[in-house]
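Student: Quick one: structure below, then a few questions.
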Amino acid sequence: MDVLLSEEEQMVKNLAREFLEAECTPALVREMELDELGYPPSLWQQMANLGWFGMALPETHEGQGLPLTYLGIILEEVGRAIAPVPFHSTMVAALTIVSDGSEEQKREVLPKVAAGELILTWAFTERNPKYLPETIHTEAKKDGGDYVITGAKLFVDNFNVAEKCLVVCRTSPESSSSKGISLFMVDTLSQGITHTPLVTIAKDKQSKVTFDQVRVPAANMIGELDQGWPIVENMLDRGTALLCAQMVGAARKDAELGIEYAKGRVAFGRPIGSFQSIQHMCADMTIWVDGGQMLTFEALWKMDQGLPASIEVSQAKSFCNEKCEAAVRSSQVIHGGIGFMMEFDLHLWFRRVSAWSMRMGTSFEHRARIAQMLIDQPGRVRLGMPLTPVA
Amino acid sequence: MDTAPREKIEMDFGYSPEQEALRDEVRQFIDDYVTDEVQDEIENWGEGGRGPLVRELYKIIAERKWVGITWPKEYGGQEGNRLDQYIVEEEFSRVGISVGGAGSGAPAILAAGTDEQKKEFLPGLLKGEITLALGFTEPQAGADLAGLQCRAVKDGDDFVINGQKMYTSSAHYASHIYLMARTDPDAPRHRGISIFLIPMDTPGITVRPLWTIQSDPRAPSKTTYGQQRTNETFFEDVRVPRSCMLGEENQGWYVGAMGLNLDRVGASRYLISVRRDEDIINYIKETEFDGDSPAQDPAVRDKLAELWIEAQVCRLMTMRSMSLVNRDVNFTYEGSAEKVWAPEHGVRTTETITQILGPYAQLLHGSDEAIEDGLFAHNVMGAFQSGINHGSVQVMRDQVARRGLGMPRG
């Protein structure tokens, strides 16, 4: 047990921070909000050269095989810099191929991901935004050696620039069951796909994607037919934990901006940071972000160890949703009117942390999942001891 | 995929196999030794302190080398891992037996004591033969401890002490008092204070009981701040030799702070803040009122999950503190942060429980229809105490802001 960063982790973190502080300025973030692609290919390539995309991929496929906590640290720094890059969606999909893809799929995808030559995304949510199997209605029907996909997905990250998308489909009609779900890797330029950009608080690139009889070779299925739900659940858990890392990084930076502002801003003849009411807000902001950070890295560590981590993921996301949001809102409050102004940079962080709190599971959803594991099973609970998941 | 074991290069949220074995060993010991009679004694041992069965047990625990694990070998320790000590503390705390830390006095003696003092106190603290009452707070000096007025005046080779200490909780059974007194009234407040270790049987010391709101009826032993009794302790011309002083003259503020920082973290502080989370969940899992269970109420489920997450943050903050201590790194703000989050969490849980159980949550120990022997009702009266003593949450927030974040003084 040592929950602090190891020497190696600290080094990786410092290097990532230095690099992003130099290369990813608020000006770049603003520029990308208006950009059609939404990311700067040169920065993307630099990140690939630093080895960030291959960090958590296996050494057998051009990766470095480092623990998942390392990727978490990088995403935390990417969040801190609110770097406008399709990193999260690419990693979520790539790690699913690592855990559940065929050897051929791995060979096709992973080396290119590591080299920064392949952007990926994934599509789960439909009309009902909950992360439950019964919300999946997009259908994949067998037709010879292909599957034909029809349906619509919402809130798909970076679809505009991704080359491939992992699409969660129903392959068997049992509509309220976790059986009958399959996962397909789909070329985003396939015939029958249309996508419409959504305008979000974060001004990031999310799309509504419709699939009209989109033909996919059966070889693009990830995992077994109808057995996709556990794969999808793991994908969502990993994605959620990595998103928490991003949130924690962004909220930390945003809180620091508030704290520094309070030290310098003079009112009533003294820096407002000398007032206890402001100091106590800043103390709480720090405590909240610390809490989210530790919950997040415990979840990532458990996943990396191959231990059940669903409850840890839900703990992290529920806490980050509310506490990171509270931290960045407090920072806005400390800044007063200026934080509300477009020309001032603070909102770049505030809007992103807010948006991320709404994605990959609301606090209520995650707490419902925790409550189920906590309350609906026989036996006594004890903190620090694992809860067995409900079958 | 490459399955060769890799070198450990990342943070670690788990216990080692040796530590898991230690936990199992301690649990087995508790099963074997903490009998119904022992538990009955813990529950019913009146005003605090240890009864004969627990005192006996404590000797066996010390023989097993489960106390002072991190201490130097020459004083009975093993120079071991702080997490090992934490594991032992947690398991024993859960059955109402406090081991390991020996309060804030031991760390201060280790850090600032003379060789003679270490030899005099540490082995005795390990075996439970020496216990220290904390003599810091005064009627006019609580959160603002540096304003204390208890005087120690040099007289030849002695000091003569006059003054009053408040909330000296174990003074009626402790062997010594760990006392903070003013030795230089003309120096700036923090620089005129010294610390003394004084036998309680020294002439001129009087202990008067102060009864808490937990005293009638008495609280179950698991209650957060369920103590029935604390004390005020009076010093009237108490003459002690200079050898009673711990650390340098007028450096007592800094000596005391070393211990207090470690007093704010660890298994016992963690557990008093989170045990009601476990208790209420375990209770409602097996409870229904006329076929209706709070376990099925969506509002209750959401709230309990929220509190459970908060409790995990308490646990992780404790693990962070233990990790820092293990690395020999001083806290900047981490101990203070933990001392804000954990006690306030304990209060949130305690008050939520009252709204889950409604009128049943009023019922005190011994009442007809009382739930869990009145534990939840007594907890309402005690939980907030955890946010007051050893540094109030307000003072702790000041410290996070000023020491941790470098914010200016007002």
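Chains: A, B, ... in order of the structure tokens. Residues: from 1 per chain. Ligands: from 1, in order shown.
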List the spatial neighbours of Leu134 of chain B as number ranges by chain - criterion: any atom at most 10 Å away, only C-alpha atoms, same-chain residues fewer than 6 positions off excluded.

Tutor: B: 103-105, 165-171, 174, 176-180, 197

Student: Could you write out the selected residues, including C-alpha atoms, as a short mmCIF file (atom, residue, chain, number, x, y, z; two decimals), in the first residue's frame?

Tutor:
data_model
loop_
_atom_site.label_atom_id
_atom_site.label_comp_id
_atom_site.auth_asym_id
_atom_site.auth_seq_id
_atom_site.Cartn_x
_atom_site.Cartn_y
_atom_site.Cartn_z
CA GLY B 103 -2.07 8.85 21.64
CA SER B 104 -0.21 11.96 20.64
CA GLY B 105 2.34 11.65 23.43
CA LYS B 165 -6.64 22.18 32.12
CA MET B 166 -9.97 21.24 30.53
CA TYR B 167 -11.24 18.03 28.90
CA THR B 168 -8.39 15.96 30.28
CA SER B 169 -10.37 12.89 29.39
CA SER B 170 -8.23 10.14 30.83
CA ALA B 171 -6.84 12.10 33.79
CA ALA B 174 -3.82 7.94 33.44
CA HIS B 176 0.95 10.75 33.62
CA ILE B 177 -0.23 14.00 32.13
CA TYR B 178 1.26 15.31 28.91
CA LEU B 179 1.07 18.97 29.77
CA MET B 180 1.51 22.16 27.81
CA LEU B 197 5.42 14.73 31.33
#

Student: Show me, as a list in words, every residue of chain B with an atom at most 6 Å from chain A, counting only C-alpha atoms.

Tutor: Glu10, Met11, Asp12, Phe13, Gly14, Tyr15, Asn282, Arg301, Asp302, Ala305, Ile309, Val313, Arg320, Ser323, Arg397, Val400, Ala401, Met407, Pro408, Arg409 and Gly410 of chain B

Student: Can you pull out the residues contacting Met381 of chain B? Cut-off 10 Å, using only C-alpha atoms, and skip same-chain residues under 3 positions away; I want them as a list in words.

Tutor: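 Answer for this query is Thr212, Ile213, Gln214, Ala219, Thr223, Thr224, Tyr225, Gly226, Val347, Thr350, Phe376, Ala377, His378, Phe384 and Gln385 of chain B.
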
Student: Could you find all residues in segment 229-272 of chain B that DSSP calls strand (DSSP E) from the backbone, and write them as a list of chain:residue names?

Tutor: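 These are the residues in question: B:Arg229, B:Thr230, B:Asn231, B:Glu232, B:Thr233, B:Phe234, B:Phe235, B:Glu236, B:Asp237, B:Val238, B:Arg239, B:Val240, B:Pro241, B:Met245, B:Leu246.
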
Student: Store the residues picked out above, limited to C-alpha atoms, as a PDB file, in the first residue's frame.

Tutor:
ATOM      1  CA  ARG B 229     -16.773  11.392  31.503  1.00  0.00           C
ATOM      2  CA  THR B 230     -14.019  13.834  30.954  1.00  0.00           C
ATOM      3  CA  ASN B 231     -12.287  16.007  33.545  1.00  0.00           C
ATOM      4  CA  GLU B 232     -10.898  19.327  34.500  1.00  0.00           C
ATOM      5  CA  THR B 233      -7.507  19.123  36.130  1.00  0.00           C
ATOM      6  CA  PHE B 234      -6.162  21.722  38.533  1.00  0.00           C
ATOM      7  CA  PHE B 235      -2.502  22.426  39.266  1.00  0.00           C
ATOM      8  CA  GLU B 236      -1.711  24.144  42.507  1.00  0.00           C
ATOM      9  CA  ASP B 237       1.985  24.731  43.204  1.00  0.00           C
ATOM     10  CA  VAL B 238       2.877  21.469  41.514  1.00  0.00           C
ATOM     11  CA  ARG B 239       6.633  21.102  41.786  1.00  0.00           C
ATOM     12  CA  VAL B 240       8.384  18.989  39.132  1.00  0.00           C
ATOM     13  CA  PRO B 241      12.056  18.502  38.268  1.00  0.00           C
ATOM     14  CA  MET B 245      10.332  18.655  30.374  1.00  0.00           C
ATOM     15  CA  LEU B 246       9.956  17.161  26.905  1.00  0.00           C
TER      16      LEU B 246
END

Student: How far is it from atom CA of Gly151 of chain A to atom CA of Arg215 of chain A, in Å with one decimal?

Tutor: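 Atom CA of Arg215 of chain A lies at a distance of 12.5 Å from atom CA of Gly151 of chain A.
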
Student: For Arg107 of chain A, which of A:Ser190, A:Leu225, A:Ala94, A:Ala22 is the closest residue, counting only C-alpha atoms?

Tutor: A:Ala94

Student: Tell me, as a list of chain:residue names, which residues lie within 10 Å of Val393 of chain B, counting only C-alpha atoms; anything in the same chain fewer than 3 positions away does not count.

Tutor: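 Neighbouring residues, sequence-local ones excluded: A:His280, B:Ala143, B:Ser336, B:Ala337, B:Glu338, B:Lys339, B:Val340, B:Trp341, B:Ala342, B:Pro343, B:Glu344, B:Ser386, B:Gly387, B:Ile388, B:Asn389, B:His390, B:Met396, B:Arg397, B:Asp398, B:Gln399.
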
Student: Rounded to one decimal in Å, what is the spacing between atom CA of Leu83 of chain B and atom CA of Thr318 of chain B?

Tutor: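 Spanning atom CA of Leu83 of chain B to atom CA of Thr318 of chain B is a straight-line distance of 10.3 Å.
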
Student: Which of these, A:Gly180, A:Pro173, A:Gly249, A:Pro40, has the shortest distance to Val289 of chain A once you count only C-alpha atoms?

Tutor: A:Gly249
